[in-house]
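A.B. asks: Starting off with a structure, shown below.
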Amino acid sequence: MDKKAFFPGKTVTNADNVVLSESATPKSTPPNGGLTQYAGVWTVNEVTHLLKRTLFGASQADISYFITLGFPASVDEIINPSAPLPDPPVKEYATPTNTSTPDSNIANGTTWVIDPSTDGTVNSLRIASFKKWWMGVMINQDRSIREKMTLFWHDHFSTETNTISDAQFVYNHHRLLRTNAVGNFKSLTREVTIDPGMLVYLNGQYNTVSAPDENYGRELQELFCCGKSPDSQYTEDDVKAVARVLTGWKNNYTTLSSSFDPNRHDKTNKQFSAFYSNTVITGKTGATAGDQELDDLMNMIFATQEVAKYICRCIYRWFVYYDIDSTVEANIISPLADIFRSNNYEIKPVLSTLLKSEHFFDALARGCQIKSPVDLVVGLCREFNMVFAPATDYITNYGLYNFLVSWVANMQQNIGDPPDVSGWKAYYQAPQFYEIWINSDTLPKRNQLTDTLVVSGYTFNGTKMLVNGPEFAKILSNPSDPNQLITDLVNSMFMIEISDTSKAKLKQDILLGGQTTDYYWTDAWDTFITNPGNTANTTTIQNRLRDLIKYLMDLAEYQLA
């Protein structure tokens, strides 16, 4: 079923018969409008929609900032990251004593990314450290699209830490994606092709003239550049020819870099099909042969029409909606692809045009995505201003981040380890797409996690990670008015409206404790502000806000972005 929107109508379940909404009517129409720049109002609704799609969640501070900044300056700032790259992960684990090459030369609190290790135990600890660090980076992101795009490229150029196994290669591959997150796609593809982590993952380091390996040559075309549409008519011979072009690259585990060995390279000419205009890449010799033929390969692939269309479809599904019908293809994808090509495959012009478009801000584009596990967890932490330990207490913070890493993995989005080279199915598997995130296993886990973070929290080293309802309510417009409080909470947590009847029921049953007069809440809140030492009253405020936020998080609408 389609999670396009929820309006009063009927109960909706998914394929596993899990109830997703008690008042839902599916709508399958993609958003309206084209790429003409949006000229409508710039309110909390529009800002929240933009932020939930380009950042992880929309905090109240970020909403206020971007409302003041205005449109389109907000989009310009979001797609132009100015903050420095995050500091690398640090050693926060105990030095193992039963290893062949222990990393005892790396002090706790210092980074391990420049210290090569061939020990499996050490690399396992460091990869776990990398995942914790990455979770923290997303939670503490700046006001830009960089982190969302880094995850996008991780899904697109999918690799698995379990396969790469070398922690330095894992981190360096990830840093490559983050550094080029809003840069040039052609340049990024070239760098990924000879990135040590990718050379391990798709066997590129074993691709030689005597034993050509087709893994990367296939995925470069099928998954990374051209896709599998009817117009992407590369052939099996093209796969073999790409493999021959890329023979000779290998890794150095001491310098943590790749290099080209001309003695392992196929020096003969490589013939390609009509899809590539029957191009012949002339075989080269010598130390620069690998780079020369790689450049020829990139120029040939990117001369096709399909690269731009395929990547624009991927970007569209990531930021807007999964359903690309003929109208969206004609009015959105094709003109975006023209922009992409005319700008030499720079990502920013595509993002700018799409995120400023009337199509992106159309009412049907809001609340039509199901949150990924990362979106759910990181967004919750950011939107509710989750308090962590001071930055200097890296051991505690990594412990808290590890709890969240485990939960997103349990909900089927293990960062660093997508299921396979295709990435997470929610971004490509027709016809379900995002609906794959929700099933009879993952939905209860989502509710279990949010219940835990709202009710009891999670404690590590004496620091509790907990949604603090009263503190969050304080930053809303008028928390002493139960009607406004519920409206503000719903507007903050949901991208689609719930009925006034539902709001009134929530107010009476939860905030008013069964009473019918708003005064009961207003008096309790005012007392809480003026006399927080009144233990009984403070407990009442805490419990009622806890129950209200928990209830809202358990609704199907909270799963939509």
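Chain labels A, B, ... are given in the sequence in which chains occur in the structure tokens; within each chain residues are numbered consecutively from 1, and ligands are likewise numbered from 1 in the order shown.
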So which residues of stretch 38-251 of chain A fall under strand (DSSP E or B) by DSSP, listed as a list in words?

C.D. replies: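 Listing strand (DSSP E or B) positions across stretch 38-251 of chain A yields Val90, Thr111, Asn184, Thr208, Ala211, Trp249, Lys250 and Asn251 of chain A.
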
A.B. asks: Find the residues near A:Thr36: any atom within 8 Å, counting only C-alpha atoms, skip ones fewer than 2 places away on the same chain, and give them as a list in words.

C.D. replies: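 Close residues of A:Thr36: Gly33, Gly34, Tyr38, Ser357, Glu358 and His359 of chain A.
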
A.B. asks: Take the residues from that selection and put them in a file with C-alpha atoms, as a PDB file, in the first residue's frame.

C.D. replies:
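This is the output file out-v9.pdb:
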```pdb
ATOM      1  CA  GLY A  33       4.174  20.937 -10.338  1.00  0.00           C
ATOM      2  CA  GLY A  34       7.443  21.226 -12.168  1.00  0.00           C
ATOM      3  CA  TYR A  38       8.478  27.787  -5.491  1.00  0.00           C
ATOM      4  CA  SER A 357      10.982  23.782  -6.985  1.00  0.00           C
ATOM      5  CA  GLU A 358       7.228  24.029  -6.685  1.00  0.00           C
ATOM      6  CA  HIS A 359       7.218  20.258  -7.096  1.00  0.00           C
TER       7      HIS A 359
END
```

A.B. asks: For stretch 547-556 of chain A, work out the shell of residues within 7 Å, counting only C-alpha atoms and skipping chain neighbours fewer than 3 positions away, then give it as a PDB file with C-alpha atoms, in the first residue's frame.

C.D. replies:
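As written to disk, selection_27.pdb reads:
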```pdb
ATOM      1  CA  LEU A  20      -0.411   1.608  10.169  1.00  0.00           C
ATOM      2  CA  SER A  21      -3.167   4.131  10.707  1.00  0.00           C
ATOM      3  CA  ASN A 447       7.783   1.613  18.987  1.00  0.00           C
ATOM      4  CA  THR A 450      10.785   5.338  21.137  1.00  0.00           C
ATOM      5  CA  ASP A 451       8.946   4.058  24.216  1.00  0.00           C
ATOM      6  CA  VAL A 454      10.564   8.543  26.314  1.00  0.00           C
ATOM      7  CA  ILE A 510      -3.751  12.868  28.789  1.00  0.00           C
ATOM      8  CA  ASN A 543       4.208  12.056  33.468  1.00  0.00           C
ATOM      9  CA  ARG A 544       1.547  13.679  31.331  1.00  0.00           C
ATOM     10  CA  GLN A 559       6.817   7.178  10.881  1.00  0.00           C
TER      11      GLN A 559
END
```

A.B. asks: If we count only C-alpha atoms, what is near A:Thr539 at a cut-off of 12 Å, once residues fewer than 5 positions away on the same chain are taken out, given as JSON, numbers by chain?

C.D. replies: {"A": [469, 470, 524, 525, 527, 528, 532, 533, 534, 544, 545, 546]}

A.B. asks: Using only C-alpha atoms, pick whichever of A:Lys228, A:Arg446, A:Arg366, A:Lys186 has the shortest atom-to-atom distance to A:Phe319.

C.D. replies: A:Arg366

A.B. asks: Between atom CA of A:Ser257 and atom CA of A:Tyr201, what distance in Å does the model show, to one decimal?

C.D. replies: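 Taking atom CA of A:Ser257 as the start and atom CA of A:Tyr201 as the end point, the length is 14.5 Å.
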
A.B. asks: With only C-alpha atoms as the counted atoms, please give the residues lying no more than 12 Å from A:Asn180, apart from itself and same-chain residues fewer than 3 positions off, as a PyMOL selection string.

C.D. replies: chain A and resi 80-81+85+145-147+149-154+173-177+183-192+346-348

A.B. asks: At a cut-off of 9 Å, can you tabulate as CSV every residue of stretch 134-220 of chain A near stretch 388-402 of chain A together with its closest atom pair and the distance in Å to one decimal, using only C-alpha atoms and ordering rows by chain then number?

C.D. replies:
```
residue,atom,partner,partner_atom,distance
A:Trp134,CA,A:Tyr401,CA,8.6
A:Met135,CA,A:Tyr401,CA,5.9
A:Gly136,CA,A:Tyr401,CA,6.1
```

A.B. asks: Looking at only C-alpha atoms, which of A:Asp238, A:Val209, A:Ile529, A:Gly416 is the one that sits closest to A:Ile127?

C.D. replies: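 So, comparing all the options, the nearest one is A:Gly416.
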
A.B. asks: I need the residue nearest A:Thr254 from this list: A:Asp166, A:Thr530, A:Thr522, A:Leu506. Use only C-alpha atoms for the distance.

C.D. replies: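 Nearest to A:Thr254: A:Asp166.
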
A.B. asks: From the list A:Thr118, A:Ser129, A:Asn483, A:Gln233, which residue is nearest A:Val307 when using only C-alpha atoms?

C.D. replies: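 That would be A:Gln233, the residue with the smallest distance to A:Val307.
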
A.B. asks: Set the distance at 12 Å and use only C-alpha atoms: which residues neighbour A:Tyr321 once local chain neighbours fewer than 4 positions away are removed? I'd like the list as JSON, numbers by chain.

C.D. replies: {"A": [2, 3, 4, 5, 28, 29, 30, 31, 32, 53, 313, 314, 315, 316, 317, 325, 328, 332, 359, 360, 361, 362, 364, 365, 366, 367, 368, 369, 370, 371, 426, 427, 428, 432, 433, 434, 435, 560, 561]}

A.B. asks: Determine, counting only C-alpha atoms, which protein, DNA and RNA residues have an atom within 12 Å of an atom of A:Ser82; residues of the same chain fewer than 3 positions away are not included. Present the result as a list in words.

C.D. replies: Asp76, Glu77, Ile78, Ile79, Leu85, Pro86, Gln141, Asp142, Arg143, Ser144, Ile145, Arg146, Thr179 and Val182 of chain A

A.B. asks: Which residue gives the smallest distance to A:Asp509 among A:Glu92, A:Ser492, A:Pro482, A:Tyr216, with only C-alpha atoms counted?

C.D. replies: A:Pro482

A.B. asks: For A:Asn215, which residue among A:Leu466, A:Phe130, A:Thr247, A:Asp231 is the nearest when counting only C-alpha atoms?

C.D. replies: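 Selected residue with least distance to A:Asn215: A:Thr247.
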
A.B. asks: Work out how far atom CA of A:Ser158 is from atom CA of A:Asn331, in Å to one decimal.

C.D. replies: 29.1 Å
